[in-house]
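K.L.:
Enclosed is the structure file query-v4.cif (mmCIF, C-alpha atoms).
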data_my_file
loop_
_atom_site.label_atom_id
_atom_site.label_comp_id
_atom_site.auth_asym_id
_atom_site.auth_seq_id
_atom_site.Cartn_x
_atom_site.Cartn_y
_atom_site.Cartn_z
CA ASP A 45 4.27 -13.72 25.48
CA THR A 46 3.20 -12.27 22.14
CA ALA A 47 4.00 -8.58 21.78
CA VAL A 48 1.35 -7.77 19.16
CA SER A 49 -1.53 -10.19 18.82
CA GLN A 50 -4.40 -10.19 16.36
CA THR A 51 -7.62 -12.17 16.32
CA PRO A 52 -8.86 -13.96 14.42
CA LYS A 53 -6.03 -15.38 12.36
CA TYR A 54 -8.42 -16.39 9.58
CA LEU A 55 -11.76 -14.84 8.70
CA VAL A 56 -14.06 -15.99 5.92
CA THR A 57 -17.23 -14.02 5.37
CA GLN A 58 -19.79 -13.10 2.76
CA MET A 59 -20.01 -9.88 0.81
CA GLY A 60 -22.03 -7.21 2.52
CA ASN A 61 -21.26 -8.39 6.04
CA ASP A 62 -19.68 -6.26 8.75
CA LYS A 63 -16.66 -7.67 10.56
CA SER A 64 -14.03 -6.66 13.09
CA ILE A 65 -10.43 -7.64 13.64
CA LYS A 66 -8.96 -7.14 17.07
CA CYS A 67 -5.41 -6.11 17.90
CA GLU A 68 -3.67 -5.87 21.24
CA GLN A 69 -0.11 -4.90 22.12
CA ASN A 70 1.55 -5.46 25.48
CA LEU A 71 4.62 -3.34 24.79
CA GLY A 72 3.32 -0.13 26.30
CA HIS A 73 3.62 1.60 22.94
CA ASP A 74 1.87 4.85 22.15
CA THR A 75 1.19 4.33 18.44
CA MET A 76 -0.59 1.54 16.59
CA TYR A 77 -1.12 0.85 12.91
CA TRP A 78 -3.15 -1.19 10.47
CA TYR A 79 -1.75 -2.45 7.18
CA LYS A 80 -3.28 -4.28 4.23
CA GLN A 81 -1.25 -6.74 2.18
CA ASP A 82 -2.98 -7.77 -1.00
CA SER A 83 -2.44 -10.71 -3.32
CA LYS A 84 0.40 -8.87 -5.03
CA LYS A 85 2.10 -8.69 -1.63
CA PHE A 86 2.19 -4.90 -1.48
CA LEU A 87 2.09 -3.81 2.15
CA LYS A 88 0.03 -0.62 2.41
CA ILE A 89 -0.43 1.43 5.53
CA MET A 90 -4.09 2.16 6.24
CA PHE A 91 -4.04 4.00 9.56
CA SER A 92 -1.68 5.15 12.22
CA TYR A 93 -3.13 6.11 15.58
CA ASN A 94 -2.12 7.29 18.98
CA ASN A 95 -4.10 8.93 21.71
CA LYS A 96 -3.63 12.27 20.07
CA GLU A 97 -3.99 11.76 16.39
CA LEU A 98 -5.46 9.50 13.75
CA ILE A 99 -3.77 9.56 10.37
CA ILE A 100 -5.77 7.96 7.61
CA ASN A 101 -4.39 6.98 4.25
CA GLU A 102 -6.63 8.79 1.78
CA THR A 103 -7.06 5.71 -0.36
CA VAL A 104 -8.76 3.77 2.43
CA PRO A 105 -12.55 3.57 1.93
CA ASN A 106 -14.63 4.97 4.77
CA ARG A 107 -16.08 1.48 5.23
CA PHE A 108 -12.90 0.87 7.23
CA SER A 109 -12.67 2.43 10.65
CA PRO A 110 -10.23 1.97 13.51
CA LYS A 111 -11.55 1.86 17.05
CA SER A 112 -9.27 2.24 20.05
CA PRO A 113 -10.84 1.51 23.45
CA ASP A 114 -7.48 2.13 25.12
CA LYS A 115 -3.83 2.60 24.29
CA ALA A 116 -3.15 -1.13 24.09
CA HIS A 117 -5.90 -1.94 21.59
CA LEU A 118 -6.70 -0.88 18.05
CA ASN A 119 -9.51 -2.78 16.41
CA LEU A 120 -10.38 -2.59 12.73
CA HIS A 121 -14.05 -2.47 11.76
CA ILE A 122 -15.06 -3.11 8.19
CA ASN A 123 -18.59 -2.44 6.98
CA SER A 124 -20.27 -3.81 3.86
CA LEU A 125 -17.42 -6.10 2.93
CA GLU A 126 -16.47 -6.38 -0.74
CA LEU A 127 -14.55 -9.02 -2.67
CA GLY A 128 -11.63 -6.61 -3.05
CA ASP A 129 -11.23 -6.43 0.71
CA SER A 130 -9.80 -9.95 0.67
CA ALA A 131 -6.22 -9.61 1.90
CA VAL A 132 -3.99 -10.12 4.90
CA TYR A 133 -4.34 -7.37 7.48
CA PHE A 134 -1.48 -6.64 9.84
CA CYS A 135 -1.55 -4.69 13.05
CA ALA A 136 1.62 -3.06 14.35
CA SER A 137 2.79 -0.81 17.15
CA SER A 138 5.72 1.46 17.90
CA GLN A 139 6.87 3.47 20.88
CA ASP A 140 6.35 6.72 19.00
CA THR A 141 6.30 8.03 15.45
CA GLY A 142 9.89 9.18 15.30
CA GLY A 143 12.10 8.10 12.45
CA ASN A 144 14.41 6.06 14.64
CA THR A 145 11.80 3.84 16.25
CA GLU A 146 10.99 0.23 15.49
CA ALA A 147 7.62 -1.21 14.55
CA PHE A 148 6.44 -4.56 15.88
CA PHE A 149 3.95 -6.49 13.78
CA GLY A 150 1.31 -9.04 14.55
CA GLN A 151 1.01 -12.33 12.71
CA GLY A 152 -1.72 -11.07 10.43
CA THR A 153 -5.38 -11.84 9.78
CA ARG A 154 -6.23 -13.43 6.47
CA LEU A 155 -9.61 -12.09 5.41
CA THR A 156 -11.45 -13.85 2.61
CA VAL A 157 -14.65 -12.34 1.29
CA VAL A 158 -16.82 -14.70 -0.74
CA LEU B 39 9.05 10.81 2.09
CA ALA B 40 12.32 9.72 0.61
CA LYS B 41 11.45 7.49 -2.32
CA THR B 42 13.35 4.24 -2.17
CA THR B 43 14.41 1.96 -5.00
CA GLN B 44 15.49 -1.64 -4.47
CA PRO B 45 15.90 -4.61 -6.80
CA ILE B 46 12.64 -6.51 -7.10
CA SER B 47 14.31 -9.88 -6.60
CA MET B 48 17.65 -11.56 -5.99
CA ASP B 49 18.86 -15.14 -5.95
CA SER B 50 21.72 -16.48 -3.88
CA TYR B 51 23.14 -19.77 -2.70
CA GLU B 52 23.56 -21.03 0.81
CA GLY B 53 26.72 -19.81 2.50
CA GLN B 54 27.13 -16.75 0.30
CA GLU B 55 27.11 -13.15 1.44
CA VAL B 56 24.16 -11.19 0.07
CA ASN B 57 24.17 -7.43 -0.39
CA ILE B 58 20.92 -5.61 -1.13
CA THR B 59 21.26 -1.97 -2.07
CA CYS B 60 18.57 0.64 -1.60
CA SER B 61 18.67 4.03 -3.30
CA HIS B 62 17.15 7.02 -1.52
CA ASN B 63 18.43 10.10 -3.33
CA ASN B 64 16.19 12.61 -1.58
CA ILE B 65 16.79 11.44 1.97
CA ALA B 66 16.24 14.22 4.49
CA THR B 67 18.70 15.28 7.16
CA ASN B 68 16.67 13.75 9.97
CA ASP B 69 15.79 10.49 8.20
CA TYR B 70 16.96 7.15 9.50
CA ILE B 71 17.33 4.10 7.27
CA THR B 72 15.59 0.97 8.48
CA TRP B 73 15.39 -2.53 7.06
CA TYR B 74 12.66 -5.08 7.70
CA GLN B 75 12.37 -8.74 6.79
CA GLN B 76 9.11 -10.54 6.00
CA PHE B 77 8.73 -14.30 5.80
CA PRO B 78 5.69 -15.78 4.04
CA SER B 79 2.56 -15.67 6.16
CA GLN B 80 4.22 -13.50 8.83
CA GLY B 81 4.37 -9.83 9.66
CA PRO B 82 7.52 -7.82 8.89
CA ARG B 83 10.30 -7.96 11.43
CA PHE B 84 12.89 -5.27 12.19
CA ILE B 85 16.41 -6.20 11.11
CA ILE B 86 18.62 -3.15 11.45
CA GLN B 87 18.61 0.63 11.48
CA GLY B 88 21.26 3.26 10.88
CA TYR B 89 21.86 6.93 10.26
CA LYS B 90 25.36 7.02 8.82
CA THR B 91 28.51 4.91 8.35
CA LYS B 92 28.19 1.29 9.40
CA VAL B 93 25.95 -0.56 11.81
CA THR B 94 26.28 -4.23 12.68
CA ASN B 95 24.17 -6.54 14.78
CA GLU B 96 23.88 -10.29 15.16
CA VAL B 97 21.77 -10.59 12.01
CA ALA B 98 23.16 -8.15 9.46
CA SER B 99 25.31 -5.15 8.66
CA LEU B 100 24.16 -1.86 7.20
CA PHE B 101 26.55 0.25 5.17
CA ILE B 102 25.70 3.92 4.58
CA PRO B 103 28.02 6.11 2.50
CA ALA B 104 28.79 9.67 3.51
CA ASP B 105 26.19 11.22 1.18
CA ARG B 106 23.51 8.87 2.57
CA LYS B 107 21.84 8.62 -0.83
CA SER B 108 21.96 4.84 -0.70
CA SER B 109 22.43 2.05 1.79
CA THR B 110 23.40 -1.60 1.57
CA LEU B 111 22.05 -4.39 3.73
CA SER B 112 24.60 -7.17 4.04
CA LEU B 113 23.57 -10.66 5.14
CA PRO B 114 26.59 -12.86 5.88
CA ARG B 115 26.53 -16.53 4.90
CA VAL B 116 22.84 -16.83 4.09
CA SER B 117 20.89 -20.01 4.68
CA LEU B 118 17.64 -21.29 3.19
CA SER B 119 15.77 -19.73 6.10
CA ASP B 120 16.85 -16.25 4.97
CA THR B 121 14.50 -16.55 2.00
CA ALA B 122 12.17 -13.61 2.53
CA VAL B 123 11.23 -10.14 1.33
CA TYR B 124 13.50 -7.36 2.54
CA TYR B 125 12.20 -3.81 2.80
CA CYS B 126 14.17 -0.56 2.99
CA LEU B 127 12.32 2.25 4.78
CA VAL B 128 13.39 5.88 4.88
CA GLY B 129 11.58 8.84 6.40
CA LEU B 130 7.95 9.80 6.71
CA ASP B 131 5.29 10.12 4.04
CA ASN B 132 3.29 13.24 3.20
CA TYR B 133 0.90 12.47 6.03
CA GLY B 134 3.70 12.24 8.55
CA GLN B 135 3.41 8.51 8.72
CA ASN B 136 6.37 6.35 9.50
CA PHE B 137 6.84 2.73 8.42
CA VAL B 138 5.71 3.12 4.82
CA PHE B 139 6.77 0.05 2.85
CA GLY B 140 7.76 -0.17 -0.81
CA PRO B 141 7.69 -3.38 -2.90
CA GLY B 142 10.84 -4.71 -1.22
CA THR B 143 13.39 -7.20 -2.53
CA ARG B 144 12.40 -10.83 -2.73
CA LEU B 145 15.49 -12.86 -1.81
CA SER B 146 15.54 -16.52 -2.75
CA VAL B 147 18.30 -18.62 -1.21
CA LEU B 148 18.97 -21.79 -3.14
CA PRO B 149 20.66 -24.96 -1.85
#
Translate this file's structure into structure tokens.
P.N.:
Amino acid sequence: DTAVSQTPKYLVTQMGNDKSIKCEQNLGHDTMYWYKQDSKKFLKIMFSYNNKELIINETVPNRFSPKSPDKAHLNLHINSLELGDSAVYFCASSQDTGGNTEAFFGQGTRLTVV
Amino acid sequence: LAKTTQPISMDSYEGQEVNITCSHNNIATNDYITWYQQFPSQGPRFIIQGYKTKVTNEVASLFIPADRKSSTLSLPRVSLSDTAVYYCLVGLDNYGQNFVFGPGTRLSVLP
């Protein structure tokens, strides 16, 4: 039973399109995250979110928006896709945001914008 | 956020012990030190976490000196399957976010 699952695993789309990536966790965690890993393999946090607070990395364009229908889901919506958005996107969750907690990651979604 | 510094890459041979050191000179009193492992095409995976002295689990050991300004991840008798990127994480960033990853150390285990 997968703890953090993302769909789709692969996504190929044209520039200018709007797309969503879904994430679900069955761990009962309170906090979820989205990360972007580019071709240089740098893993950058984009958002962290719980039912109280959304923390946005200031470098993330406002074309990216997280949507959380409930505590177990955090979907990533991307508007007007650009070539530079091509990357692997990882969803993660943790019990809380304390320094001694552990994050669990999904398998990633490879987004290719053509 | 305690800035961390790790070697960009390391090579080792099967069966050897590998030690990866992370420097975190401005670690805060409340900060824990956590290591993650990432295989190609997979998400990072928690390996070990510690606050001070030594922590050991079935995968690795973590050595933390008394001043806590560095830590060393020790992988005993590595195999080819230990080839991965290893990340050292310490503290929160300026936005209060946890789990902020640096470039990591790319470990290549050779036969």
K.L.:
Please determine the contact residues of chain A with respect to chain B at a cut-off of 12 Å, counting all atoms listed in the file, and supply them as a CSV table (one decimal) with C-alpha atoms, keeping the file's coordinate frame.
P.N.:
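Saved as part.csv:
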chain,number,residue,atom,x,y,z
A,48,VAL,CA,1.4,-7.8,19.2
A,49,SER,CA,-1.5,-10.2,18.8
A,50,GLN,CA,-4.4,-10.2,16.4
A,53,LYS,CA,-6.0,-15.4,12.4
A,54,TYR,CA,-8.4,-16.4,9.6
A,75,THR,CA,1.2,4.3,18.4
A,76,MET,CA,-0.6,1.5,16.6
A,77,TYR,CA,-1.1,0.8,12.9
A,78,TRP,CA,-3.2,-1.2,10.5
A,79,TYR,CA,-1.8,-2.4,7.2
A,80,LYS,CA,-3.3,-4.3,4.2
A,81,GLN,CA,-1.2,-6.7,2.2
A,82,ASP,CA,-3.0,-7.8,-1.0
A,83,SER,CA,-2.4,-10.7,-3.3
A,84,LYS,CA,0.4,-8.9,-5.0
A,85,LYS,CA,2.1,-8.7,-1.6
A,86,PHE,CA,2.2,-4.9,-1.5
A,87,LEU,CA,2.1,-3.8,2.2
A,88,LYS,CA,0.0,-0.6,2.4
A,89,ILE,CA,-0.4,1.4,5.5
A,90,MET,CA,-4.1,2.2,6.2
A,91,PHE,CA,-4.0,4.0,9.6
A,92,SER,CA,-1.7,5.2,12.2
A,93,TYR,CA,-3.1,6.1,15.6
A,94,ASN,CA,-2.1,7.3,19.0
A,97,GLU,CA,-4.0,11.8,16.4
A,98,LEU,CA,-5.5,9.5,13.8
A,99,ILE,CA,-3.8,9.6,10.4
A,100,ILE,CA,-5.8,8.0,7.6
A,101,ASN,CA,-4.4,7.0,4.2
A,102,GLU,CA,-6.6,8.8,1.8
A,131,ALA,CA,-6.2,-9.6,1.9
A,132,VAL,CA,-4.0,-10.1,4.9
A,133,TYR,CA,-4.3,-7.4,7.5
A,134,PHE,CA,-1.5,-6.6,9.8
A,135,CYS,CA,-1.6,-4.7,13.0
A,136,ALA,CA,1.6,-3.1,14.4
A,137,SER,CA,2.8,-0.8,17.2
A,138,SER,CA,5.7,1.5,17.9
A,139,GLN,CA,6.9,3.5,20.9
A,140,ASP,CA,6.4,6.7,19.0
A,141,THR,CA,6.3,8.0,15.4
A,142,GLY,CA,9.9,9.2,15.3
A,143,GLY,CA,12.1,8.1,12.4
A,144,ASN,CA,14.4,6.1,14.6
A,145,THR,CA,11.8,3.8,16.2
A,146,GLU,CA,11.0,0.2,15.5
A,147,ALA,CA,7.6,-1.2,14.6
A,148,PHE,CA,6.4,-4.6,15.9
A,149,PHE,CA,4.0,-6.5,13.8
A,150,GLY,CA,1.3,-9.0,14.6
A,151,GLN,CA,1.0,-12.3,12.7
A,152,GLY,CA,-1.7,-11.1,10.4
A,153,THR,CA,-5.4,-11.8,9.8
A,154,ARG,CA,-6.2,-13.4,6.5
K.L.:
Adding 4 Å on each side of the box along x, y and z that holds all listed atoms of stretch 104-109 of chain A, could you give its centre and edge lengths in Å to one decimal, as AutoDock Vina command-line options?
P.N.:
--center_x -12.4 --center_y 2.9 --center_z 6.3 --size_x 15.3 --size_y 12.1 --size_z 16.7
K.L.:
List the spatial neighbours of stretch 117-122 of chain A as a PyMOL selection string - criterion: any atom at most 7 Å away, all atoms listed in the file, same-chain residues fewer than 6 positions off excluded.
P.N.:
chain A and resi 62-69+76+107-111
K.L.:
Quick one: distance from atom CA of B:Val97 to atom CA of A:Leu71 in Å, one decimal?
P.N.:
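Distance reported for this atom pair: 22.6 Å.
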K.L.:
To one decimal in Å, tell me the separation between atom CA of A:Pro113 and atom CA of A:Gln58.
P.N.:
26.9 Å
K.L.:
Output the residue selection produced by the PyMOL selection byres ((chain B and resi 92) around 12) on the file above, formatted as a list in words.
P.N.:
Ile71, Ile86, Gln87, Gly88, Tyr89, Lys90, Thr91, Val93, Thr94, Asn95, Ala98, Ser99, Leu100, Phe101, Ile102, Pro103, Ala104, Arg106, Ser109, Thr110, Leu111 and Ser112 of chain B
K.L.:
Just to be explicit: take each residue in the selection above, keep C-alpha atoms, and write the result as a PDB file, in the coordinates of the input.
P.N.:
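Result file is again-v5.pdb:
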ATOM      1  CA  ILE B  71      17.330   4.100   7.270  1.00  0.00           C
ATOM      2  CA  ILE B  86      18.620  -3.150  11.450  1.00  0.00           C
ATOM      3  CA  GLN B  87      18.610   0.630  11.480  1.00  0.00           C
ATOM      4  CA  GLY B  88      21.260   3.260  10.880  1.00  0.00           C
ATOM      5  CA  TYR B  89      21.860   6.930  10.260  1.00  0.00           C
ATOM      6  CA  LYS B  90      25.360   7.020   8.820  1.00  0.00           C
ATOM      7  CA  THR B  91      28.510   4.910   8.350  1.00  0.00           C
ATOM      8  CA  VAL B  93      25.950  -0.560  11.810  1.00  0.00           C
ATOM      9  CA  THR B  94      26.280  -4.230  12.680  1.00  0.00           C
ATOM     10  CA  ASN B  95      24.170  -6.540  14.780  1.00  0.00           C
ATOM     11  CA  ALA B  98      23.160  -8.150   9.460  1.00  0.00           C
ATOM     12  CA  SER B  99      25.310  -5.150   8.660  1.00  0.00           C
ATOM     13  CA  LEU B 100      24.160  -1.860   7.200  1.00  0.00           C
ATOM     14  CA  PHE B 101      26.550   0.250   5.170  1.00  0.00           C
ATOM     15  CA  ILE B 102      25.700   3.920   4.580  1.00  0.00           C
ATOM     16  CA  PRO B 103      28.020   6.110   2.500  1.00  0.00           C
ATOM     17  CA  ALA B 104      28.790   9.670   3.510  1.00  0.00           C
ATOM     18  CA  ARG B 106      23.510   8.870   2.570  1.00  0.00           C
ATOM     19  CA  SER B 109      22.430   2.050   1.790  1.00  0.00           C
ATOM     20  CA  THR B 110      23.400  -1.600   1.570  1.00  0.00           C
ATOM     21  CA  LEU B 111      22.050  -4.390   3.730  1.00  0.00           C
ATOM     22  CA  SER B 112      24.600  -7.170   4.040  1.00  0.00           C
TER      23      SER B 112
END
K.L.:
Take atom CA of B:Cys60 and atom CA of B:Ser47 and report the distance between them in Å, one decimal.
P.N.:
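Taking atom CA of B:Cys60 as the start and atom CA of B:Ser47 as the end point, the length is 12.4 Å.
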K.L.:
Which residues are near A:Asn70? Cut-off 9 Å, all atoms listed in the file, ignore same chain within fewer than 3 positions. Put them as a PDB file with C-alpha atoms, in the coordinates of the input.
P.N.:
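File written: part.pdb
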ATOM      1  CA  ASP A  45       4.270 -13.720  25.480  1.00  0.00           C
ATOM      2  CA  THR A  46       3.200 -12.270  22.140  1.00  0.00           C
ATOM      3  CA  ALA A  47       4.000  -8.580  21.780  1.00  0.00           C
ATOM      4  CA  VAL A  48       1.350  -7.770  19.160  1.00  0.00           C
ATOM      5  CA  SER A  49      -1.530 -10.190  18.820  1.00  0.00           C
ATOM      6  CA  HIS A  73       3.620   1.600  22.940  1.00  0.00           C
ATOM      7  CA  ALA A 116      -3.150  -1.130  24.090  1.00  0.00           C
TER       8      ALA A 116
END
K.L.:
Taking the file as shown, find all residues satisfying the PyMOL selection byres ((chain A and resi 125) around 9) and write them as a VMD selection string.
P.N.:
chain A and resid 57 to 63 107 122 to 124 126 to 130 157
K.L.:
Given only C-alpha atoms as the basis, pick out the residue of B:Ser108, B:Ser146, B:Gln76, B:Ser50 nearest to B:Asn64.
P.N.:
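Using only C-alpha atoms, B:Asn64 sits closest to B:Ser108.
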K.L.:
The PyMOL selection byres ((chain B and resi 115) around 7) on the file shown: which residues, as a count of residues only?
P.N.:
8
